[in-house]
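To keep things clear, I will list the structure first and then write my remarks on it.
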Amino acid sequence: MSNETKSRSLSVSLGAAFLMATSAIGPGFLTQTSTFTAKYLSSFAFVIVFVIIMDAIAQTNVWSIIGASGMRGQDIANKVLPGLGYFLIVLVVIGGLSFNIGNVGGVALGFNAMIGLPERVGAVLAGILGICIFLSKKANDIVGRVAQILGGIIILVMLYVCFSSQPPVGDAVVHIFNPENPKEMIPVMVTLLGGSCGGYITFSGDHKLVDAGWGGKPEEVAHFRKSVLTGIGVSGSVRILLFLCVLGVCTAGTAVVQANVDAINAAANPAAEAFRLAVGDIGQRLFGLVLFSAGITSVIGAAYTSVSFLKSVHPFVAKNDRWFIVGFIAFSTLVMAVLGGAKKMVILAGAVNGLILPISLCCMLLGCHKKEIVGEYKHPVFLQVLGWIVVGIAGYLAITALPNLKNLFV
């Protein structure tokens, strides 16, 4: 392999990894983590670690099977059971649309935190920016590069604010193993799991690799795994850093600073308020940059991946995918501009996508046994076992959480 080819392969792999990671590190991710950290404090460390482990297991399974098959998720599901793929398309597109409405709202919140733009004006600008990126002749390359650059900005800002807020790390570690009222956090687990790897997010980077011509050979599975583990490392690190940022603001050592907790809970933009409390007005501006970066990459990721599922419905979609993506973004923007309420929308979107995860992962695990899907590839037994455990836990959490999802907004 020539140096140029290696460089190109690395760029595609990193682009896919950061597309997945920045799709996960969206406005929902930031708003959910900030809101629930202020509510549960150090005990929320248990949820953070639990979700990162579940995320790693679920996505490693899905990316490995897609890498071995060279097929998109919906095509695998249709080969598992005729019609199942179309059911999965409906679920993922609904989940992706709900997330994308929230993503547009997240960019609007970012504009508001940075320069004080009204929410609806920011939402319209977010939609226009996303559409402009996809109208470019080099849209695929731009998407990967934008995801990498903005992902780096997010990590650097998080590190700065985390050190400034001086969180009680030791107390958080203790509560990983001894959380208070863990049953109360079940709906929260579903929401965060959905925001990390539910719905379209699991398929964002691997579908990009398939579209780039990767997959279909057992030896290429390693490339998919390396890419997904990179993405999980990025999204997991940012999740932990954000948790520690907000925890530091809400506590002085292990003592609760109730005024800060109340301020974050009352804020329309909880994470921006946490950053402001940590490092002053510059913190709010910095968070606006983070939220803008997370939002715009998530708008791109949600639209790109949702339309990649629709490609199997009719060749017309595959031929005109760019215009379908533009329409997807435009519709999301219109809904957000009319309805408003970005904070509640991004939390609801995470919950919806959390309900989809056990179904999509189940489809992939059933597909790994069929030669017409994966050929001679043998999916590791330990990954299968862990995957089915995640299906069971995620399914149980989803069923248990359904009656209580309304409590997320209380």
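Chain labels run A, B, ... following the order of the structure tokens; each chain numbers its residues from 1, and ligands are numbered from 1 in the order shown.
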Counting only C-alpha atoms, which residues of segment 313-403 of chain A fall within 12 Å of segment 219-226 of chain A, and what is the closest atom pair for each with its distance in Å at one decimal, ordered by chain and rising number, as a Markdown table?
```
| residue | atom | partner | partner_atom | distance |
| --- | --- | --- | --- | --- |
| A:Val374 | CA | A:Val221 | CA | 10.5 |
| A:Gly375 | CA | A:Glu219 | CA | 11.7 |
| A:Glu376 | CA | A:Glu219 | CA | 10.6 |
| A:Tyr377 | CA | A:Glu219 | CA | 8.7 |
| A:Lys378 | CA | A:Val221 | CA | 10.7 |
| A:His379 | CA | A:Val221 | CA | 9.8 |
| A:Pro380 | CA | A:Val221 | CA | 11.6 |
```
If you keep all heavy atoms, can you produce a file of those selected residues as a PDB file, in the first residue's frame?
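Writing the result to again_15.pdb gives the following:
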```pdb
ATOM      1  N   VAL A 374     -22.282 -12.443   6.136  1.00  0.00           N
ATOM      2  CA  VAL A 374     -20.892 -12.236   6.586  1.00  0.00           C
ATOM      3  C   VAL A 374     -19.887 -13.174   5.919  1.00  0.00           C
ATOM      4  O   VAL A 374     -18.689 -13.110   6.204  1.00  0.00           O
ATOM      5  CB  VAL A 374     -20.785 -12.373   8.122  1.00  0.00           C
ATOM      6  CG1 VAL A 374     -21.587 -11.290   8.816  1.00  0.00           C
ATOM      7  CG2 VAL A 374     -21.209 -13.764   8.585  1.00  0.00           C
ATOM      8  N   GLY A 375     -20.342 -14.059   5.023  1.00  0.00           N
ATOM      9  CA  GLY A 375     -19.418 -14.977   4.354  1.00  0.00           C
ATOM     10  C   GLY A 375     -18.753 -15.925   5.335  1.00  0.00           C
ATOM     11  O   GLY A 375     -19.416 -16.544   6.174  1.00  0.00           O
ATOM     12  N   GLU A 376     -17.432 -16.011   5.273  1.00  0.00           N
ATOM     13  CA  GLU A 376     -16.671 -16.926   6.131  1.00  0.00           C
ATOM     14  C   GLU A 376     -16.268 -16.298   7.463  1.00  0.00           C
ATOM     15  O   GLU A 376     -15.610 -16.937   8.280  1.00  0.00           O
ATOM     16  CB  GLU A 376     -15.403 -17.402   5.394  1.00  0.00           C
ATOM     17  CG  GLU A 376     -15.678 -18.165   4.106  1.00  0.00           C
ATOM     18  CD  GLU A 376     -16.551 -19.390   4.340  1.00  0.00           C
ATOM     19  OE1 GLU A 376     -16.291 -20.110   5.335  1.00  0.00           O
ATOM     20  OE2 GLU A 376     -17.488 -19.625   3.545  1.00  0.00           O
ATOM     21  N   TYR A 377     -16.664 -15.075   7.682  1.00  0.00           N
ATOM     22  CA  TYR A 377     -16.289 -14.394   8.933  1.00  0.00           C
ATOM     23  C   TYR A 377     -16.965 -15.048  10.126  1.00  0.00           C
ATOM     24  O   TYR A 377     -18.151 -15.371  10.088  1.00  0.00           O
ATOM     25  CB  TYR A 377     -16.689 -12.924   8.853  1.00  0.00           C
ATOM     26  CG  TYR A 377     -16.624 -12.180  10.171  1.00  0.00           C
ATOM     27  CD1 TYR A 377     -15.405 -11.844  10.757  1.00  0.00           C
ATOM     28  CD2 TYR A 377     -17.795 -11.815  10.848  1.00  0.00           C
ATOM     29  CE1 TYR A 377     -15.343 -11.166  11.967  1.00  0.00           C
ATOM     30  CE2 TYR A 377     -17.742 -11.128  12.057  1.00  0.00           C
ATOM     31  CZ  TYR A 377     -16.513 -10.815  12.614  1.00  0.00           C
ATOM     32  OH  TYR A 377     -16.459 -10.156  13.818  1.00  0.00           O
ATOM     33  N   LYS A 378     -16.193 -15.266  11.189  1.00  0.00           N
ATOM     34  CA  LYS A 378     -16.721 -15.828  12.435  1.00  0.00           C
ATOM     35  C   LYS A 378     -16.708 -14.732  13.502  1.00  0.00           C
ATOM     36  O   LYS A 378     -15.640 -14.314  13.958  1.00  0.00           O
ATOM     37  CB  LYS A 378     -15.872 -17.016  12.901  1.00  0.00           C
ATOM     38  CG  LYS A 378     -15.746 -18.147  11.877  1.00  0.00           C
ATOM     39  CD  LYS A 378     -17.094 -18.798  11.615  1.00  0.00           C
ATOM     40  CE  LYS A 378     -16.930 -19.976  10.637  1.00  0.00           C
ATOM     41  NZ  LYS A 378     -18.257 -20.554  10.269  1.00  0.00           N
ATOM     42  N   HIS A 379     -17.879 -14.278  13.881  1.00  0.00           N
ATOM     43  CA  HIS A 379     -17.967 -13.227  14.891  1.00  0.00           C
ATOM     44  C   HIS A 379     -17.629 -13.799  16.263  1.00  0.00           C
ATOM     45  O   HIS A 379     -18.172 -14.849  16.650  1.00  0.00           O
ATOM     46  CB  HIS A 379     -19.384 -12.640  14.907  1.00  0.00           C
ATOM     47  CG  HIS A 379     -19.506 -11.348  15.638  1.00  0.00           C
ATOM     48  ND1 HIS A 379     -18.672 -10.272  15.417  1.00  0.00           N
ATOM     49  CD2 HIS A 379     -20.368 -10.949  16.612  1.00  0.00           C
ATOM     50  CE1 HIS A 379     -19.028  -9.273  16.201  1.00  0.00           C
ATOM     51  NE2 HIS A 379     -20.043  -9.659  16.943  1.00  0.00           N
ATOM     52  N   PRO A 380     -16.695 -13.177  16.993  1.00  0.00           N
ATOM     53  CA  PRO A 380     -16.260 -13.731  18.283  1.00  0.00           C
ATOM     54  C   PRO A 380     -17.427 -14.020  19.227  1.00  0.00           C
ATOM     55  O   PRO A 380     -18.338 -13.196  19.379  1.00  0.00           O
ATOM     56  CB  PRO A 380     -15.370 -12.617  18.858  1.00  0.00           C
ATOM     57  CG  PRO A 380     -14.869 -11.879  17.659  1.00  0.00           C
ATOM     58  CD  PRO A 380     -16.001 -11.924  16.667  1.00  0.00           C
TER      59      PRO A 380
END
```
Open item on the list: Can you tell me, as JSON, numbers by chain, which residues in segment 122-289 of chain A count as helix (DSSP H, G or I) by DSSP?
Closed with: {"A": [122, 123, 124, 125, 126, 127, 128, 129, 130, 131, 132, 133, 134, 135, 139, 140, 141, 142, 143, 144, 145, 146, 147, 148, 149, 150, 151, 152, 153, 154, 155, 156, 157, 158, 159, 160, 161, 162, 163, 164, 165, 169, 170, 171, 172, 173, 174, 175, 176, 177, 182, 183, 184, 185, 186, 187, 188, 189, 190, 191, 192, 193, 194, 195, 196, 197, 201, 202, 203, 204, 205, 206, 207, 208, 209, 210, 211, 218, 219, 220, 221, 222, 223, 224, 225, 226, 227, 228, 229, 230, 231, 232, 233, 234, 235, 236, 237, 238, 239, 240, 241, 242, 243, 244, 245, 246, 247, 248, 249, 250, 258, 259, 260, 261, 262, 263, 264, 265, 266, 270, 271, 272, 273, 274, 275, 276, 277, 278, 279, 281, 282, 283, 284, 285, 286, 287, 288, 289]}
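For the residues A:Ala68, A:Leu88, A:Ile128, A:Ala113, ranking by smallest atom-to-atom distance to Leu291 of chain A using only C-alpha atoms places A:Ala113 first.
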Open item on the list: With distances taken over only C-alpha atoms, which residue among A:Gly236, A:Pro179, A:Gly288, A:Gly199 lies nearest Phe309 of chain A?
Closed with: A:Gly199
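In terms of minimum interatomic distance to Phe292 of chain A, A:Asn112 ranks closest within A:Thr35, A:Gln258, A:Ser43, A:Asn112, counting only C-alpha atoms.
Residues in contact with Leu334 of chain A at 9 Å, where only C-alpha atoms are counted and same-chain residues fewer than 5 positions away are skipped, are listed as Ile101, Ala123, Val124, Gly127, Ile329 and Leu339 of chain A.
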Task: Near-segment 335-337 of chain A list (12 Å; only C-alpha atoms; drop same-chain fewer than 5 positions) as a ChimeraX atom specification - done: /A:97-109,118-127,328-330,342-346
Open item on the list: At a cut-off of 8 Å, using only C-alpha atoms, what residues contact Cys245 of chain A? Leave out same-chain residues fewer than 4 positions from it and give the result as a PyMOL selection string.
Closed with: chain A and resi 158+161-163+165-167+241+249+274-275+278
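Going from atom CA of Val173 of chain A over to atom CA of Arg276 of chain A, you cover 25.2 Å.
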